[in-house]
>>> print(open('data.txt').read())   # compact mmCIF, C-alpha atoms and all ligand atoms
# COMPACT_ATOMS: atom_id res chain seq x y z
CA MET A 1 0.00 0.00 0.00
CA LEU A 2 2.72 2.43 0.94
CA SER A 3 4.83 1.69 -2.12
CA VAL A 4 1.84 2.22 -4.46
CA ILE A 5 1.11 5.66 -3.01
CA VAL A 6 4.79 6.53 -3.10
CA ARG A 7 5.26 5.39 -6.68
CA SER A 8 2.48 7.61 -7.97
CA ALA A 9 3.98 10.64 -6.27
CA LEU A 10 7.61 10.30 -7.33
CA THR A 11 9.67 10.56 -10.47
CA LYS A 12 10.60 7.42 -12.37
CA CYS A 13 14.09 7.51 -10.92
CA ASN A 14 12.81 7.71 -7.36
CA GLN A 15 10.22 4.99 -7.92
CA SER A 16 12.82 2.27 -8.16
CA VAL A 17 14.59 3.75 -5.17
CA VAL A 18 11.50 3.60 -2.98
CA ARG A 19 10.67 0.10 -4.24
CA ALA A 20 14.16 -0.98 -3.30
CA MET A 21 13.78 0.61 0.12
CA SER A 22 10.28 -0.70 0.86
CA SER A 23 9.93 -3.70 3.11
CA SER A 24 7.33 -5.56 1.04
CA GLY A 25 9.83 -7.84 -0.66
CA GLY A 26 11.53 -9.15 2.49
CA PRO A 27 15.21 -9.85 2.91
CA ALA A 28 16.93 -10.30 -0.49
CA SER A 29 20.15 -11.54 1.08
CA ALA A 30 21.68 -14.35 3.07
CA TYR A 31 20.60 -12.65 6.27
CA THR A 32 17.47 -13.63 8.18
CA THR A 33 17.07 -10.34 10.06
CA LEU A 34 18.37 -7.79 7.53
CA ALA A 35 17.33 -6.83 4.01
CA ILE A 36 20.07 -5.30 1.88
CA SER A 37 19.48 -3.25 -1.27
CA HIS A 38 21.26 -0.68 -3.44
CA PRO A 39 18.78 2.13 -4.11
CA ALA A 40 21.28 4.35 -5.97
CA GLU A 41 24.90 4.37 -7.09
CA SER A 42 27.33 4.11 -4.14
CA ILE A 43 24.46 3.82 -1.63
CA THR A 44 23.58 0.67 0.35
CA HIS A 45 20.36 0.32 2.29
CA VAL A 46 20.35 -1.94 5.35
CA GLU A 47 16.85 -2.58 6.64
CA LEU A 48 16.20 -4.26 10.01
CA HIS A 49 13.74 -6.87 8.80
CA ARG A 50 11.63 -8.72 11.37
CA PRO A 51 8.55 -6.52 11.12
CA GLU A 52 6.24 -9.16 12.63
CA LYS A 53 8.34 -8.93 15.83
CA LEU A 54 8.83 -5.18 15.55
CA ASN A 55 12.44 -5.78 14.48
CA ALA A 56 13.34 -7.04 17.96
CA MET A 57 17.02 -7.94 18.05
CA ASN A 58 17.35 -11.73 18.30
CA LYS A 59 20.56 -13.79 18.45
CA ALA A 60 20.86 -13.92 14.67
CA PHE A 61 20.61 -10.12 14.41
CA TRP A 62 23.56 -9.50 16.70
CA SER A 63 25.94 -11.50 14.53
CA GLU A 64 24.38 -10.64 11.18
CA MET A 65 24.94 -6.91 11.73
CA VAL A 66 28.66 -7.56 12.20
CA ASP A 67 28.84 -9.76 9.09
CA CYS A 68 26.82 -7.25 7.10
CA PHE A 69 28.97 -4.24 7.99
CA ASN A 70 32.14 -6.24 7.43
CA GLU A 71 30.81 -7.05 3.97
CA ILE A 72 30.00 -3.38 3.35
CA ALA A 73 33.44 -2.36 4.57
CA GLY A 74 34.92 -4.58 1.87
CA ASP A 75 32.77 -3.08 -0.88
CA PRO A 76 34.66 -0.24 -2.62
CA ASP A 77 31.48 0.77 -4.48
CA CYS A 78 29.66 1.74 -1.28
CA ARG A 79 30.08 5.28 0.04
CA VAL A 80 26.94 5.79 2.11
CA VAL A 81 24.78 3.39 4.14
CA VAL A 82 21.16 4.10 5.02
CA VAL A 83 19.77 2.08 7.95
CA SER A 84 16.03 1.80 8.59
CA GLY A 85 13.44 -0.53 10.09
CA ALA A 86 10.80 -2.50 8.16
CA GLY A 87 7.19 -2.14 9.23
CA LYS A 88 5.73 0.26 11.73
CA ILE A 89 8.70 0.78 14.02
CA PHE A 90 12.49 0.91 13.85
CA THR A 91 13.06 -1.64 16.62
CA ALA A 92 11.47 -2.83 19.89
CA GLY A 93 14.94 -3.44 21.27
CA ILE A 94 16.48 -6.67 22.45
CA ASP A 95 14.36 -9.76 21.72
CA LEU A 96 13.19 -10.54 25.23
CA MET A 97 12.13 -14.08 24.27
CA ASP A 98 15.10 -15.19 22.19
CA MET A 99 17.78 -13.51 24.30
CA ALA A 100 16.40 -14.30 27.75
CA SER A 101 18.33 -17.53 28.25
CA ASP A 102 21.51 -16.04 26.80
CA VAL A 103 21.78 -12.77 28.70
CA LEU A 104 18.97 -12.32 31.17
CA GLN A 105 19.08 -15.81 32.74
CA PRO A 106 22.63 -17.11 32.23
CA GLN A 107 23.17 -20.78 33.06
CA GLY A 108 25.82 -22.22 35.40
CA ASP A 109 26.60 -22.60 39.09
CA ASP A 110 29.90 -20.76 39.47
CA THR A 111 29.70 -16.99 39.80
CA ALA A 112 33.13 -16.34 38.32
CA ARG A 113 32.44 -18.44 35.24
CA ILE A 114 28.97 -17.03 34.72
CA SER A 115 30.40 -13.51 35.02
CA TRP A 116 33.29 -14.27 32.70
CA ASN A 117 30.96 -15.60 30.02
CA LEU A 118 28.52 -12.73 30.43
CA ARG A 119 31.35 -10.27 29.95
CA GLN A 120 32.32 -12.00 26.72
CA LYS A 121 28.74 -11.80 25.50
CA ILE A 122 28.29 -8.14 26.41
CA THR A 123 31.53 -7.28 24.61
CA LYS A 124 30.33 -9.20 21.57
CA TYR A 125 26.97 -7.40 21.57
CA GLN A 126 28.73 -4.04 21.90
CA GLU A 127 30.63 -4.89 18.72
CA THR A 128 27.33 -5.15 16.84
CA PHE A 129 26.92 -1.38 16.97
CA SER A 130 30.56 -0.36 17.22
CA VAL A 131 31.08 -2.08 13.88
CA ILE A 132 28.97 0.62 12.25
CA GLU A 133 31.32 3.32 13.48
CA LYS A 134 34.54 1.38 13.30
CA PHE A 135 34.29 -0.26 9.93
CA LEU A 136 32.83 2.73 8.22
CA VAL A 137 35.75 4.66 9.58
CA SER A 138 38.15 2.27 7.96
CA GLU A 139 36.15 2.51 4.74
CA TYR A 140 34.39 5.58 3.49
CA CYS A 141 30.71 5.26 4.14
CA PHE A 142 28.35 7.40 6.12
CA THR A 143 25.40 5.97 7.93
CA PHE A 144 22.00 7.54 8.16
CA LYS A 145 19.48 6.34 10.58
CA THR A 146 15.95 6.53 9.23
CA LEU A 147 12.91 5.53 11.19
CA THR A 148 9.85 4.11 9.52
CA HIS A 149 6.65 6.09 9.36
CA CYS A 150 3.53 4.98 11.16
CA HIS A 151 0.32 6.54 12.35
CA VAL A 152 0.45 8.80 15.37
CA ASP A 153 -1.76 6.46 17.38
CA CYS A 154 0.66 3.54 17.23
CA GLY A 155 3.87 5.52 17.58
CA CYS A 156 7.37 4.71 16.40
CA TYR A 157 9.89 3.33 18.78
CA ALA A 158 13.62 3.24 19.05
CA LEU A 159 14.31 1.25 22.19
CA GLU A 160 17.60 -0.66 21.89
CA GLY A 161 17.67 1.43 18.71
CA VAL A 162 19.21 4.31 20.66
CA ASP A 163 22.38 2.21 20.98
CA LEU A 164 22.38 1.66 17.25
CA ILE A 165 21.51 5.15 16.08
CA THR A 166 24.09 6.87 18.25
CA ALA A 167 26.75 4.89 16.35
CA CYS A 168 25.47 6.44 13.08
CA ASP A 169 26.69 9.73 11.67
CA ILE A 170 23.39 11.36 10.80
CA ARG A 171 19.94 10.64 12.21
CA LEU A 172 16.62 11.45 10.57
CA CYS A 173 13.10 10.62 11.75
CA THR A 174 9.44 11.15 11.01
CA GLN A 175 7.23 13.52 13.01
CA ASP A 176 5.51 10.64 14.87
CA THR A 177 8.68 8.98 16.14
CA TRP A 178 9.52 8.54 19.78
CA PHE A 179 12.72 7.37 21.39
CA GLN A 180 13.18 5.60 24.70
CA VAL A 181 16.23 4.49 26.66
CA LYS A 182 14.28 1.59 28.07
CA GLU A 183 16.86 -0.39 30.03
CA VAL A 184 16.10 0.83 33.56
CA ASP A 185 12.54 -0.38 33.01
CA ILE A 186 13.81 -3.92 32.58
CA GLY A 187 16.19 -3.69 35.51
CA LEU A 188 19.55 -3.06 33.93
CA ALA A 189 21.98 -0.33 32.93
CA ALA A 190 22.26 0.07 29.14
CA ASP A 191 25.45 -1.72 28.13
CA VAL A 192 25.88 -1.64 24.37
CA GLY A 193 26.59 2.03 23.63
CA THR A 194 23.83 4.40 24.72
CA LEU A 195 25.47 5.55 27.95
CA GLN A 196 28.79 6.08 26.16
CA ARG A 197 27.60 7.70 22.92
CA LEU A 198 24.38 9.55 23.77
CA PRO A 199 26.16 12.15 25.98
CA LYS A 200 28.41 12.93 23.02
CA VAL A 201 25.45 13.32 20.67
CA ILE A 202 23.19 15.39 22.94
CA GLY A 203 24.83 18.45 24.47
CA SER A 204 22.76 18.45 27.67
CA ARG A 205 24.07 16.09 30.31
CA SER A 206 20.95 16.73 32.34
CA LEU A 207 18.71 15.60 29.49
CA VAL A 208 20.77 12.44 28.90
CA ASN A 209 20.56 11.62 32.60
CA GLU A 210 16.83 12.25 32.64
CA LEU A 211 16.19 10.00 29.63
CA ALA A 212 18.42 7.19 30.85
CA LEU A 213 17.29 7.30 34.49
CA THR A 214 13.53 7.60 33.93
CA ALA A 215 13.08 5.78 30.58
CA ARG A 216 10.63 8.46 29.53
CA LYS A 217 9.74 8.82 25.88
CA MET A 218 11.29 11.59 23.84
CA TYR A 219 9.25 12.70 20.84
CA ALA A 220 10.50 13.95 17.49
CA ASP A 221 10.41 17.68 18.25
CA GLU A 222 12.51 17.27 21.38
CA ALA A 223 14.82 14.86 19.55
CA LYS A 224 15.39 17.60 16.99
CA SER A 225 15.86 20.44 19.47
CA SER A 226 18.24 18.35 21.56
CA GLY A 227 20.34 17.37 18.54
CA LEU A 228 19.59 13.63 18.53
CA VAL A 229 18.21 13.97 15.00
CA SER A 230 19.11 16.66 12.52
CA ARG A 231 15.89 16.58 10.50
CA VAL A 232 12.27 15.60 11.08
CA PHE A 233 10.10 14.69 8.09
CA PRO A 234 6.30 14.65 7.93
CA ASP A 235 6.14 11.08 6.67
CA LYS A 236 8.22 8.15 5.44
CA GLU A 237 8.05 9.10 1.79
CA ALA A 238 9.48 12.55 2.48
CA MET A 239 12.08 11.08 4.81
CA ILE A 240 13.32 8.52 2.29
CA THR A 241 13.50 11.12 -0.44
CA GLY A 242 15.38 13.45 1.93
CA ALA A 243 17.72 10.70 3.11
CA LEU A 244 18.60 9.69 -0.43
CA GLU A 245 19.19 13.28 -1.49
CA MET A 246 21.54 13.70 1.45
CA ALA A 247 23.22 10.37 0.73
CA GLY A 248 23.68 11.46 -2.88
CA GLU A 249 25.29 14.73 -1.76
CA ILE A 250 27.84 12.80 0.30
CA ALA A 251 28.42 10.01 -2.22
CA GLY A 252 29.08 12.57 -4.96
CA ARG A 253 31.99 14.18 -3.17
CA SER A 254 35.63 13.11 -2.96
CA PRO A 255 35.82 9.88 -0.94
CA VAL A 256 39.22 11.03 0.31
CA ALA A 257 37.66 14.21 1.69
CA VAL A 258 34.56 12.47 3.05
CA GLN A 259 36.47 9.64 4.70
CA GLY A 260 39.04 12.01 6.19
CA THR A 261 36.30 14.27 7.53
CA LYS A 262 34.46 11.39 9.20
CA ILE A 263 37.58 9.88 10.73
CA ASN A 264 38.77 13.20 12.10
CA LEU A 265 35.34 14.13 13.49
CA ILE A 266 35.22 10.87 15.43
CA TYR A 267 38.81 11.30 16.57
CA ALA A 268 38.05 14.85 17.73
CA ARG A 269 34.99 13.61 19.65
CA ASP A 270 37.16 11.23 21.68
CA HIS A 271 40.31 13.38 22.16
CA SER A 272 41.44 16.86 23.20
CA VAL A 273 41.62 19.71 20.67
CA ALA A 274 45.43 19.53 20.73
CA GLU A 275 45.42 15.78 20.09
CA GLY A 276 42.84 16.23 17.33
CA LEU A 277 44.90 18.90 15.59
CA ASP A 278 47.99 16.72 15.79
CA TYR A 279 46.12 13.75 14.31
CA MET A 280 44.70 16.00 11.58
CA ALA A 281 48.16 17.24 10.58
CA THR A 282 49.40 13.66 10.28
CA TRP A 283 46.31 12.65 8.35
CA ASN A 284 46.49 15.47 5.84
CA MET A 285 50.25 15.33 5.28
CA SER A 286 49.44 12.42 2.98
CA MET A 287 45.80 12.97 2.07
CA LEU A 288 46.39 16.56 0.87
CA GLN A 289 48.44 15.05 -1.94
CA THR A 290 45.35 13.52 -3.52
CA GLN A 291 44.48 14.57 -7.06
CA ASP A 292 40.93 15.13 -5.72
CA VAL A 293 42.02 18.50 -4.26
CA MET A 294 43.22 19.81 -7.62
CA LYS A 295 40.14 18.49 -9.43
CA SER A 296 37.81 20.02 -6.84
CA ALA A 297 39.63 23.38 -6.79
CA GLN A 298 39.46 23.56 -10.57
CA ALA A 299 35.70 22.80 -10.52
CA ALA A 300 35.22 25.52 -7.88
CA MET A 301 37.06 28.05 -10.05
CA GLU A 302 34.79 27.09 -12.94
CA LYS A 303 31.75 27.41 -10.65
CA LYS A 304 30.88 23.73 -11.12
CA SER A 305 29.44 21.48 -8.43
CA PRO A 306 31.87 18.90 -6.97
CA LYS A 307 29.23 16.35 -7.94
CA THR A 308 30.16 16.89 -11.60
CA ILE A 309 33.63 15.46 -10.93
CA ALA A 310 34.34 11.75 -11.40
CA PHE A 311 36.32 10.76 -8.30
CA SER A 312 38.00 7.36 -8.31
CA LYS A 313 37.22 4.75 -5.69
CA LEU A 314 39.42 4.55 -2.65
C1 LIG A 401 23.46 -7.28 26.12
C2 LIG A 401 22.22 -6.50 25.98
C3 LIG A 401 21.26 -6.80 27.08
C4 LIG A 401 20.11 -6.19 27.25
C5 LIG A 401 19.72 -5.00 26.59
C6 LIG A 401 18.45 -4.57 26.65
C7 LIG A 401 18.09 -3.28 26.08
C8 LIG A 401 16.67 -3.22 25.57
O1 LIG A 401 16.43 -3.55 24.46
S1 LIG A 401 15.51 -2.65 26.60
C9 LIG A 401 14.04 -2.71 25.61
C10 LIG A 401 13.41 -4.09 25.59
N1 LIG A 401 12.20 -4.00 24.83
C11 LIG A 401 11.01 -3.79 25.40
O2 LIG A 401 10.87 -3.72 26.58
C12 LIG A 401 9.84 -3.64 24.44
C13 LIG A 401 8.82 -4.74 24.64
N2 LIG A 401 7.73 -4.52 23.71
C14 LIG A 401 6.73 -3.68 23.94
O3 LIG A 401 6.66 -3.03 24.96
C15 LIG A 401 5.67 -3.55 22.89
O4 LIG A 401 5.76 -4.65 22.02
C16 LIG A 401 5.78 -2.25 22.07
C17 LIG A 401 7.18 -1.99 21.55
C18 LIG A 401 5.35 -1.07 22.95
C19 LIG A 401 4.82 -2.33 20.84
O5 LIG A 401 3.52 -2.67 21.26
P1 LIG A 401 2.46 -3.10 20.14
O6 LIG A 401 2.49 -2.13 19.01
O7 LIG A 401 1.17 -3.31 20.85
O8 LIG A 401 2.99 -4.49 19.54
P2 LIG A 401 2.99 -5.94 20.25
O9 LIG A 401 1.70 -6.63 19.91
O10 LIG A 401 3.32 -5.81 21.68
O11 LIG A 401 4.20 -6.66 19.53
C20 LIG A 401 4.06 -7.28 18.23
C21 LIG A 401 4.86 -8.56 18.24
O12 LIG A 401 6.24 -8.26 18.49
C22 LIG A 401 6.68 -8.99 19.64
N3 LIG A 401 7.66 -8.15 20.37
C23 LIG A 401 7.58 -6.84 20.65
N4 LIG A 401 8.67 -6.45 21.34
C24 LIG A 401 9.42 -7.53 21.50
C25 LIG A 401 10.68 -7.76 22.14
N5 LIG A 401 11.40 -6.76 22.70
N6 LIG A 401 11.17 -9.00 22.14
C26 LIG A 401 10.51 -10.02 21.55
N7 LIG A 401 9.31 -9.86 20.90
C27 LIG A 401 8.79 -8.65 20.90
C28 LIG A 401 5.41 -9.21 20.44
O13 LIG A 401 5.59 -10.27 21.33
C29 LIG A 401 4.42 -9.50 19.33
O14 LIG A 401 4.65 -10.80 18.86
P3 LIG A 401 3.41 -11.80 18.63
O15 LIG A 401 4.02 -13.07 18.12
O16 LIG A 401 2.53 -11.12 17.62
O17 LIG A 401 2.73 -11.94 19.96
>>> encode(input="data.txt", output="structure tokens")
Amino acid sequence: MLSVIVRSALTKCNQSVVRAMSSSGGPASAYTTLAISHPAESITHVELHRPEKLNAMNKAFWSEMVDCFNEIAGDPDCRVVVVSGAGKIFTAGIDLMDMASDVLQPQGDDTARISWNLRQKITKYQETFSVIEKFLVSEYCFTFKTLTHCHVDCGCYALEGVDLITACDIRLCTQDTWFQVKEVDIGLAADVGTLQRLPKVIGSRSLVNELALTARKMYADEAKSSGLVSRVFPDKEAMITGALEMAGEIAGRSPVAVQGTKINLIYARDHSVAEGLDYMATWNMSMLQTQDVMKSAQAAMEKKSPKTIAFSKL
């Protein structure tokens, strides 16, 4: 239904894009929880795809995300990744049924061994989201987070999704989205990224504390004003069009410049200004020698968009 309405409203070029990004076809890959598509040149779409379970993160999901982003990292044709959720919500968080025995009720009778094994598992689950940041750093892709549209009365959720989206570079949502750091409601401290990354995404420490300590919902307008998302769209169609336009803007620029910018932004986030400047100098002592600078400068002098330049793959 959604794809029919969308098709009639978009250009021929965008029709195939929205078809590729719609969830109706199901996963077209080896993965059981992810659907992968290529809606435009240099852009990969990763869709969380268990809509009947609200994209709850089961055991397969945690390892498939790592495999998927490793695969993307090895794909020189990919420059931007768009991540979204199939169906009415982005994700309902950890799969409480499938994961219960693994994490919430660990087996064994020796505290040290149970603890040791739990630590291993937590570290492994952390890698599921860190891989987005880490591997895209070592490659040259940007990640958008897009949330699916649904009616106001059913709401959109990003529960464990907050861990995932804070590892992405840019976050977009629809007007009827809400976000929740849900962990305290199920008796635990969030352990796969939210408490580490959210304070670096949202400027207000007080707001981060409030969200994490009370598990209250944060709606789209507050998410925008706090800086969790950079744009709010009226509906999914507008959001996908906007996300792909933005992805196209990034993918059309020098991958040397884009990759270097991303890596140095993340480095600056985690280090002092002095350390960041030092790292930058070392980075650019080689990267400034790229032919992309000369090509781009020449295009600027001729008042041409950088998107008119054919940049080679990294
Ligand atoms: C190492 C990491 C350790 C732990 C980390 C935990 C972090 C977290 O993820 S905390 C968040 C945990 N998630 C939740 O508490 C959400 C639970 N779900 C809900 O509250 C509701 O489903 C809802 C999200 C508010 C949506 O409600 P509604 O729209 O009414 O849909 P439902 O009918 O409830 O759900 C449809 C279908 O999906 C199944 N489902 C929903 N959430 C989960 C889940 N988290 N795990 C497993 N399955 C889930 C639900 O059971 C339904 O399935 P049916 O087969 O149709 O019954």
>>> residues_around(input="data.txt", residues="Lys307 of chain A", least_positions_apart="3", cutoff="8 Å", atoms="all atoms listed in the file", output="list in words")
Glu249, Gly252, Arg253 and Ala310 of chain A
>>> atom_distance(input="data.txt", atom1="atom CA of Thr33 of chain A", atom2="atom CA of Phe233 of chain A")
26.1 Å
>>> axis_aligned_box(input="data.txt", around="ligand LIG 401 (chain A)", padding_each_side="4 Å", output="JSON")
{"center_x": 12.3, "center_y": -7.1, "center_z": 22.4, "size_x": 30.3, "size_y": 20.0, "size_z": 17.6}
>>> residues_around(input="data.txt", residues="Leu288 of chain A", least_positions_apart="5", cutoff="12 Å", atoms="all atoms listed in the file", output="list in words")
Ser254, Val256, Ala257, Gly260, Met280, Ala281, Thr282, Trp283, Val293 and Met294 of chain A
>>> closest_residue(input="data.txt", among="A:Pro306, A:Gly227, A:Pro51, A:Pro76", to="ligand LIG 401 (chain A)", atoms="all atoms listed in the file")
A:Pro51
>>> residues_around(input="data.txt", residues="Val208 of chain A", least_positions_apart="5", cutoff="10 Å", atoms="all atoms listed in the file", output="count of residues only")
11
>>> closest_residue(input="data.txt", among="A:Leu314, A:Ile266, A:Met97, A:Leu228", to="ligand LIG 401 (chain A)", atoms="all atoms listed in the file")
A:Met97
>>> atom_distance(input="data.txt", atom1="atom CA of Ala112 of chain A", atom2="atom C6 of ligand LIG 401 (chain A)")
22.1 Å
>>> residues_near_point(input="data.txt", point="(14.4, 15.1, 27.1)", cutoff="12 Å", atoms="all atoms listed in the file", output="ChimeraX atom specification")
/A:178-181,198,202-228
>>> closest_residue(input="data.txt", among="A:Trp62, A:Tyr279, A:Tyr31, A:Phe129", to="Ile94 of chain A", atoms="all atoms listed in the file")
A:Trp62
>>> closest_atom_pairs(input="data.txt", of="chain A", to="ligand LIG 401 (chain A)", cutoff="8 Å", atoms="all atoms listed in the file", output="Markdown table")
| residue | atom | partner | partner_atom | distance |
| --- | --- | --- | --- | --- |
| A:Pro51 | CA | A:LIG401 | O12 | 7.9 |
| A:Glu52 | CA | A:LIG401 | C21 | 5.8 |
| A:Lys53 | CA | A:LIG401 | O12 | 3.5 |
| A:Leu54 | CA | A:LIG401 | O12 | 5.0 |
| A:Asn55 | CA | A:LIG401 | O12 | 7.8 |
| A:Ala56 | CA | A:LIG401 | C25 | 5.0 |
| A:Met57 | CA | A:LIG401 | N6 | 7.2 |
| A:Asn58 | CA | A:LIG401 | C26 | 7.8 |
| A:Thr91 | CA | A:LIG401 | C17 | 7.7 |
| A:Ala92 | CA | A:LIG401 | C17 | 4.7 |
| A:Gly93 | CA | A:LIG401 | O1 | 3.5 |
| A:Ile94 | CA | A:LIG401 | O1 | 3.7 |
| A:Asp95 | CA | A:LIG401 | N6 | 3.3 |
| A:Leu96 | CA | A:LIG401 | N6 | 4.0 |
| A:Met97 | CA | A:LIG401 | C26 | 5.1 |
| A:Asp98 | CA | A:LIG401 | C26 | 6.9 |
| A:Val103 | CA | A:LIG401 | C3 | 6.2 |
| A:Leu104 | CA | A:LIG401 | C3 | 7.2 |
| A:Lys121 | CA | A:LIG401 | C1 | 7.0 |
| A:Ile122 | CA | A:LIG401 | C1 | 4.9 |
| A:Tyr125 | CA | A:LIG401 | C1 | 5.7 |
| A:Gln126 | CA | A:LIG401 | C1 | 7.5 |
| A:Cys154 | CA | A:LIG401 | O6 | 6.2 |
| A:Gly155 | CA | A:LIG401 | O6 | 7.9 |
| A:Tyr157 | CA | A:LIG401 | C17 | 6.6 |
| A:Leu159 | CA | A:LIG401 | C9 | 5.2 |
| A:Glu160 | CA | A:LIG401 | O1 | 4.0 |
| A:Gly161 | CA | A:LIG401 | O1 | 7.7 |
| A:Val181 | CA | A:LIG401 | S1 | 7.2 |
| A:Lys182 | CA | A:LIG401 | S1 | 4.7 |
| A:Glu183 | CA | A:LIG401 | S1 | 4.3 |
| A:Val184 | CA | A:LIG401 | S1 | 7.8 |
| A:Asp185 | CA | A:LIG401 | S1 | 7.4 |
| A:Ile186 | CA | A:LIG401 | S1 | 6.3 |
| A:Leu188 | CA | A:LIG401 | C4 | 7.4 |
| A:Ala190 | CA | A:LIG401 | C7 | 6.2 |
| A:Asp191 | CA | A:LIG401 | C2 | 6.2 |
| A:Val192 | CA | A:LIG401 | C2 | 6.3 |
>>> atom_distance(input="data.txt", atom1="atom CA of Thr128 of chain A", atom2="atom CA of Ser63 of chain A")
6.9 Å
